[in-house]
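Content type mmCIF, C-alpha atoms, from the file model-v9.cif:
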data_target
loop_
_atom_site.label_atom_id
_atom_site.label_comp_id
_atom_site.auth_asym_id
_atom_site.auth_seq_id
_atom_site.Cartn_x
_atom_site.Cartn_y
_atom_site.Cartn_z
CA MET A 1 -31.49 -49.87 34.91
CA SER A 2 -28.38 -49.67 37.02
CA GLU A 3 -25.60 -47.20 37.61
CA CYS A 4 -21.87 -47.82 37.22
CA GLN A 5 -19.39 -45.88 39.31
CA PRO A 6 -15.63 -46.08 39.80
CA GLY A 7 -14.87 -48.84 42.25
CA ARG A 8 -18.02 -50.73 41.20
CA PRO A 9 -17.47 -51.50 37.50
CA ARG A 10 -20.26 -53.31 35.72
CA ARG A 11 -19.01 -56.33 33.83
CA ILE A 12 -20.60 -57.29 30.55
CA GLY A 13 -20.14 -60.92 29.50
CA PRO A 14 -18.21 -61.72 26.31
CA ALA A 15 -21.39 -62.83 24.53
CA ALA A 16 -22.71 -59.28 24.81
CA GLN A 17 -19.56 -57.68 23.44
CA ARG A 18 -19.59 -58.53 19.76
CA ALA A 19 -20.12 -54.93 18.71
CA VAL A 20 -20.24 -51.58 20.44
CA ASP A 21 -22.04 -48.61 18.93
CA LEU A 22 -21.82 -45.21 20.56
CA LEU A 23 -23.25 -41.76 20.08
CA TRP A 24 -21.34 -38.93 21.71
CA VAL A 25 -22.76 -35.44 21.44
CA ARG A 26 -21.37 -33.42 24.36
CA THR A 27 -17.98 -35.08 24.88
CA ILE A 28 -15.61 -37.50 23.18
CA SER A 29 -16.26 -41.22 23.70
CA THR A 30 -14.67 -42.37 26.95
CA VAL A 31 -12.76 -45.16 25.16
CA LEU A 32 -11.19 -42.61 22.82
CA GLN A 33 -10.32 -40.02 25.46
CA THR A 34 -6.78 -39.05 26.36
CA PRO A 35 -5.96 -38.88 30.09
CA ASP A 36 -5.65 -35.07 29.91
CA TYR A 37 -9.05 -34.74 28.23
CA ALA A 38 -10.69 -37.03 30.81
CA ARG A 39 -9.03 -35.15 33.68
CA ALA A 40 -10.24 -31.80 32.31
CA LEU A 41 -13.80 -33.15 32.04
CA PHE A 42 -13.79 -34.38 35.63
CA GLU A 43 -12.21 -31.16 36.89
CA TYR A 44 -14.93 -29.14 35.18
CA MET A 45 -17.93 -31.34 36.01
CA ARG A 46 -16.81 -32.25 39.54
CA PRO A 47 -14.63 -29.34 40.76
CA GLU A 48 -14.98 -30.48 44.37
CA LEU A 49 -13.09 -33.73 43.77
CA PRO A 50 -9.75 -33.89 45.59
CA GLU A 51 -6.76 -35.30 43.69
CA SER A 52 -7.13 -38.54 45.68
CA GLU A 53 -10.49 -39.13 43.95
CA LEU A 54 -9.74 -37.47 40.62
CA THR A 55 -6.78 -39.66 39.66
CA PRO A 56 -8.60 -43.00 40.26
CA ARG A 57 -11.53 -41.77 38.15
CA VAL A 58 -9.21 -40.89 35.27
CA GLU A 59 -7.45 -44.26 35.63
CA PHE A 60 -10.81 -46.07 35.69
CA ARG A 61 -11.86 -44.26 32.52
CA MET A 62 -8.56 -45.09 30.81
CA GLY A 63 -9.13 -48.74 31.78
CA ARG A 64 -12.14 -48.77 29.47
CA ARG A 65 -9.71 -48.78 26.55
CA ALA A 66 -9.07 -52.47 27.18
CA ALA A 67 -12.25 -53.20 25.21
CA ILE A 68 -10.66 -51.97 21.98
CA GLU A 69 -7.04 -52.89 22.67
CA GLY A 70 -5.16 -56.16 22.85
CA ASP A 71 -5.15 -59.36 20.82
CA SER A 72 -8.94 -59.74 20.56
CA PRO A 73 -10.37 -56.21 20.53
CA THR A 74 -14.11 -55.61 20.41
CA PRO A 75 -15.36 -54.11 17.12
CA TYR A 76 -16.08 -50.50 18.01
CA GLU A 77 -18.04 -47.81 16.21
CA ALA A 78 -18.37 -44.32 17.66
CA ILE A 79 -20.60 -41.60 16.30
CA ILE A 80 -19.33 -38.23 17.48
CA HIS A 81 -21.13 -34.96 16.99
CA GLU A 82 -19.10 -32.02 15.67
CA PHE A 83 -19.97 -30.15 18.86
CA ALA A 84 -17.99 -32.67 20.95
CA LEU A 85 -15.03 -32.48 18.56
CA ARG A 86 -14.90 -28.67 18.70
CA THR A 87 -15.43 -28.22 22.44
CA ARG A 88 -12.18 -27.40 24.23
CA VAL A 89 -12.57 -28.96 27.65
CA ALA A 90 -9.07 -27.69 28.49
CA ASP A 91 -6.73 -25.80 26.14
CA ARG A 92 -5.72 -26.05 22.46
CA GLN A 93 -2.91 -28.47 23.22
CA VAL A 94 -5.24 -30.94 24.98
CA SER A 95 -7.84 -30.57 22.22
CA ARG A 96 -5.27 -31.13 19.47
CA ALA A 97 -3.90 -34.21 21.26
CA GLN A 98 -7.46 -35.51 21.66
CA LEU A 99 -8.17 -35.20 17.93
CA ARG A 100 -4.84 -36.90 17.12
CA GLN A 101 -5.80 -39.74 19.47
CA ILE A 102 -9.05 -40.25 17.56
CA LEU A 103 -7.24 -40.18 14.21
CA ASP A 104 -4.73 -42.77 15.50
CA ARG A 105 -7.53 -45.04 16.75
CA ILE A 106 -9.45 -44.99 13.47
CA GLU A 107 -6.39 -46.38 11.73
CA GLN A 108 -7.14 -49.65 13.54
CA GLU A 109 -9.36 -51.97 11.48
CA HIS A 110 -11.79 -52.68 14.30
CA VAL A 111 -12.40 -48.99 15.16
CA THR A 112 -14.80 -46.86 13.10
CA VAL A 113 -15.62 -43.24 13.83
CA ARG A 114 -18.42 -41.35 12.11
CA VAL A 115 -19.11 -37.65 12.54
CA ILE A 116 -22.42 -35.81 12.62
CA PRO A 117 -21.75 -32.25 11.40
CA THR A 118 -23.71 -29.44 13.07
CA ASP A 119 -25.35 -28.55 9.76
CA GLN A 120 -26.60 -32.12 9.12
CA ASP A 121 -30.31 -32.55 8.43
CA GLY A 122 -32.27 -35.29 10.17
CA PHE A 123 -30.55 -35.38 13.56
CA GLY A 124 -32.55 -34.40 16.62
CA GLY A 125 -30.52 -36.13 19.34
CA ALA A 126 -28.18 -33.33 20.36
CA GLY A 127 -28.94 -33.80 24.05
CA ALA A 128 -27.95 -37.43 24.55
CA SER A 129 -24.90 -39.65 24.56
CA MET A 130 -25.57 -43.37 24.45
CA MET A 131 -24.10 -46.78 23.75
CA TYR A 132 -25.48 -50.06 22.48
CA MET A 133 -23.65 -53.40 22.83
CA ASP A 134 -25.02 -56.38 20.97
CA GLY A 135 -23.98 -59.95 20.54
CA PRO A 136 -25.17 -63.39 19.50
CA VAL A 137 -27.64 -63.60 22.42
CA PRO A 138 -30.13 -60.70 22.09
CA GLN A 139 -31.25 -61.08 25.72
CA LEU A 140 -27.73 -59.96 26.76
CA ASP A 141 -27.81 -56.80 24.63
CA THR A 142 -27.17 -53.75 26.78
CA GLY A 143 -27.50 -50.04 26.26
CA LEU A 144 -26.49 -47.09 28.33
CA SER A 145 -26.94 -43.41 28.70
CA GLU A 146 -23.76 -41.71 29.81
CA GLY A 147 -23.02 -38.30 31.22
CA ALA A 148 -19.63 -36.80 31.95
CA THR A 149 -19.57 -38.34 35.44
CA ASP A 150 -22.11 -41.17 35.56
CA THR A 151 -23.49 -44.08 33.56
CA VAL A 152 -26.97 -45.64 33.55
CA PHE A 153 -27.27 -49.11 31.99
CA ILE A 154 -30.39 -50.15 30.08
CA ASP A 155 -30.77 -53.91 29.92
CA ALA A 156 -34.50 -54.69 30.14
CA GLU A 157 -36.80 -54.74 27.12
CA PRO A 158 -38.13 -52.70 25.46
CA GLN A 159 -35.36 -50.11 26.04
CA PRO A 160 -32.55 -51.98 24.20
CA ARG A 161 -34.81 -52.53 21.19
CA THR A 162 -35.73 -48.83 21.15
CA LEU A 163 -32.05 -47.89 21.43
CA ARG A 164 -31.16 -50.24 18.57
CA THR A 165 -33.77 -48.57 16.33
CA LEU A 166 -32.56 -45.11 17.32
CA PHE A 167 -28.95 -46.00 16.48
CA ARG A 168 -29.94 -47.00 12.95
CA LYS A 169 -31.68 -43.64 12.55
CA VAL A 170 -28.66 -41.75 13.88
CA GLU A 171 -26.34 -43.59 11.48
CA GLU A 172 -28.32 -42.13 8.58
CA ALA A 173 -27.27 -38.62 9.71
CA THR A 174 -23.51 -39.34 9.81
CA LEU A 175 -20.70 -38.77 7.37
CA ASP A 176 -19.13 -41.99 6.10
CA PRO A 177 -15.92 -43.11 7.87
CA THR A 178 -13.54 -41.62 5.26
CA ALA A 179 -15.32 -38.25 5.22
CA SER A 180 -15.41 -38.36 9.03
CA ARG A 181 -11.65 -38.94 9.23
CA ASP A 182 -11.07 -36.04 6.84
CA PHE A 183 -13.41 -33.84 8.89
CA ILE A 184 -11.50 -34.59 12.13
CA HIS A 185 -8.19 -33.99 10.36
CA ARG A 186 -9.39 -30.55 9.17
CA LEU A 187 -10.51 -29.67 12.69
CA SER A 188 -7.12 -30.64 14.12
CA LYS A 189 -5.40 -28.31 11.63
CA GLU A 190 -7.68 -25.43 12.73
CA LEU A 191 -6.36 -25.64 16.29
#

Show me the file's structure as structure tokens.
Amino acid sequence: MSECQPGRPRRIGPAAQRAVDLLWVRTISTVLQTPDYARALFEYMRPELPESELTPRVEFRMGRRAAIEGDSPTPYEAIIHEFALRTRVADRQVSRAQLRQILDRIEQEHVTVRVIPTDQDGFGGAGASMMYMDGPVPQLDTGLSEGATDTVFIDAEPQPRTLRTLFRKVEEATLDPTASRDFIHRLSKEL
């Protein structure tokens, strides 16, 4: 396992980037975050950070969007728990803009978002956010566990295989993409 921090980005080779699956329980997926949402998260989780460190962290996080933007975007599926969608890391305006950002992203063919409602049976993973990247060479598959301010990569068997199995189980607890979009749209109207 290894840790990724701003200034020391971990690069994943193209062969390992065929698909990205994510589970976000506490916060919105970093690739889907707005700058204001990301800033509010860092300000809350790391209140000691001076502006000179806060801005580069937000910019680094926004740079992660490159994976799902451009001419050859990576297929991307995020599973977001209702808790993350409802949590206001800043104010209503930031939360509303964040939900609009997600709705805009899921209009792209290569981006899929699924929601796990709080009243869903069969989901026991409310304490973890994780990602799994797979590709044509299984030995390059990589997983990660991500907190609001740090990332731990999992790239040695058997952890990626375990993560892959867990993702399939989590998918069974999600709403389908259309119902998920409608769910997010309803939440945005509530704000």

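Coordinates place atom CA of A:Arg114 at a distance of 20.2 Å from atom CA of A:Leu191.
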
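Picked out by the PyMOL selection byres ((chain A and resi 26) around 7) when it runs on this file: A:Trp24, A:Val25, A:Thr27, A:Phe83, A:Ala84.
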
Hey, can you pull every residue with an atom no more than 9 Å from (-16.2, -43.4, 14.6), using all atoms listed in the file, and send it as JSON, numbers by chain?
{"A": [21, 22, 76, 77, 78, 79, 80, 102, 106, 111, 112, 113, 114, 115, 177, 180, 181]}

Selection from above, C-alpha atoms, as a PDB file, in the coordinates of the input, can you write it?
ATOM      1  CA  ASP A  21     -22.040 -48.610  18.930  1.00  0.00           C
ATOM      2  CA  LEU A  22     -21.820 -45.210  20.560  1.00  0.00           C
ATOM      3  CA  TYR A  76     -16.080 -50.500  18.010  1.00  0.00           C
ATOM      4  CA  GLU A  77     -18.040 -47.810  16.210  1.00  0.00           C
ATOM      5  CA  ALA A  78     -18.370 -44.320  17.660  1.00  0.00           C
ATOM      6  CA  ILE A  79     -20.600 -41.600  16.300  1.00  0.00           C
ATOM      7  CA  ILE A  80     -19.330 -38.230  17.480  1.00  0.00           C
ATOM      8  CA  ILE A 102      -9.050 -40.250  17.560  1.00  0.00           C
ATOM      9  CA  ILE A 106      -9.450 -44.990  13.470  1.00  0.00           C
ATOM     10  CA  VAL A 111     -12.400 -48.990  15.160  1.00  0.00           C
ATOM     11  CA  THR A 112     -14.800 -46.860  13.100  1.00  0.00           C
ATOM     12  CA  VAL A 113     -15.620 -43.240  13.830  1.00  0.00           C
ATOM     13  CA  ARG A 114     -18.420 -41.350  12.110  1.00  0.00           C
ATOM     14  CA  VAL A 115     -19.110 -37.650  12.540  1.00  0.00           C
ATOM     15  CA  PRO A 177     -15.920 -43.110   7.870  1.00  0.00           C
ATOM     16  CA  SER A 180     -15.410 -38.360   9.030  1.00  0.00           C
ATOM     17  CA  ARG A 181     -11.650 -38.940   9.230  1.00  0.00           C
TER      18      ARG A 181
END

The PyMOL selection byres ((chain A and resi 92) around 12) - which residues does that actually catch in the file I just gave you? List them as a PyMOL selection string.
chain A and resi 36-37+85-91+93-99+187-191

Selected residues written out with C-alpha atoms, as a short mmCIF file (atom, residue, chain, number, x, y, z; two decimals), keeping the file's coordinate frame:
data_model
loop_
_atom_site.label_atom_id
_atom_site.label_comp_id
_atom_site.auth_asym_id
_atom_site.auth_seq_id
_atom_site.Cartn_x
_atom_site.Cartn_y
_atom_site.Cartn_z
CA ASP A 36 -5.65 -35.07 29.91
CA TYR A 37 -9.05 -34.74 28.23
CA LEU A 85 -15.03 -32.48 18.56
CA ARG A 86 -14.90 -28.67 18.70
CA THR A 87 -15.43 -28.22 22.44
CA ARG A 88 -12.18 -27.40 24.23
CA VAL A 89 -12.57 -28.96 27.65
CA ALA A 90 -9.07 -27.69 28.49
CA ASP A 91 -6.73 -25.80 26.14
CA GLN A 93 -2.91 -28.47 23.22
CA VAL A 94 -5.24 -30.94 24.98
CA SER A 95 -7.84 -30.57 22.22
CA ARG A 96 -5.27 -31.13 19.47
CA ALA A 97 -3.90 -34.21 21.26
CA GLN A 98 -7.46 -35.51 21.66
CA LEU A 99 -8.17 -35.20 17.93
CA LEU A 187 -10.51 -29.67 12.69
CA SER A 188 -7.12 -30.64 14.12
CA LYS A 189 -5.40 -28.31 11.63
CA GLU A 190 -7.68 -25.43 12.73
CA LEU A 191 -6.36 -25.64 16.29
#

Selection under test: the PyMOL selection byres ((chain A and resi 143) around 9); residues as a VMD selection string
chain A and resid 130 to 134 141 to 142 144 to 145 152 to 155 159 to 160 163 to 164

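Across the model, the gap from atom CA of A:Leu166 to atom CA of A:Phe42 is 28.3 Å.
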
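Shortest atom-to-atom contact with A:Arg61 among A:Phe123, A:His185, A:Glu171, A:Val31: A:Val31, counting only C-alpha atoms.
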
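With distances taken over all atoms listed in the file, A:Glu82 is the one residue among A:Glu59, A:Glu53, A:Glu48, A:Glu82 lying closest to A:Phe183.
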
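The residue that comes closest to A:Gln108, out of A:Thr74, A:Ser29, A:Gln120, A:Ser52 and on the basis of all atoms listed in the file, is A:Thr74.
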
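One finds atom CA of A:Ile116 at 26.4 Å from atom CA of A:Pro158.
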
Once 5 Å is added on each side, what are the centre and the three edge lengths, in Å to one decimal, of the axis-aligned box enclosing the listed atoms of stretch 137-145 of chain A? Present them as AutoDock Vina command-line options.
--center_x -28.9 --center_y -53.5 --center_z 25.4 --size_x 14.8 --size_y 30.2 --size_z 16.6

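Ranking A:Leu103, A:Ala67, A:Met62, A:Leu54 by their shortest atom-to-atom distance to A:Arg39, with all atoms listed in the file included, puts A:Leu54 first.
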
The residue from A:Gly124, A:Pro136, A:Glu157, A:Leu32 with the smallest atom-to-atom distance to A:Glu172, counting all atoms listed in the file, is A:Gly124
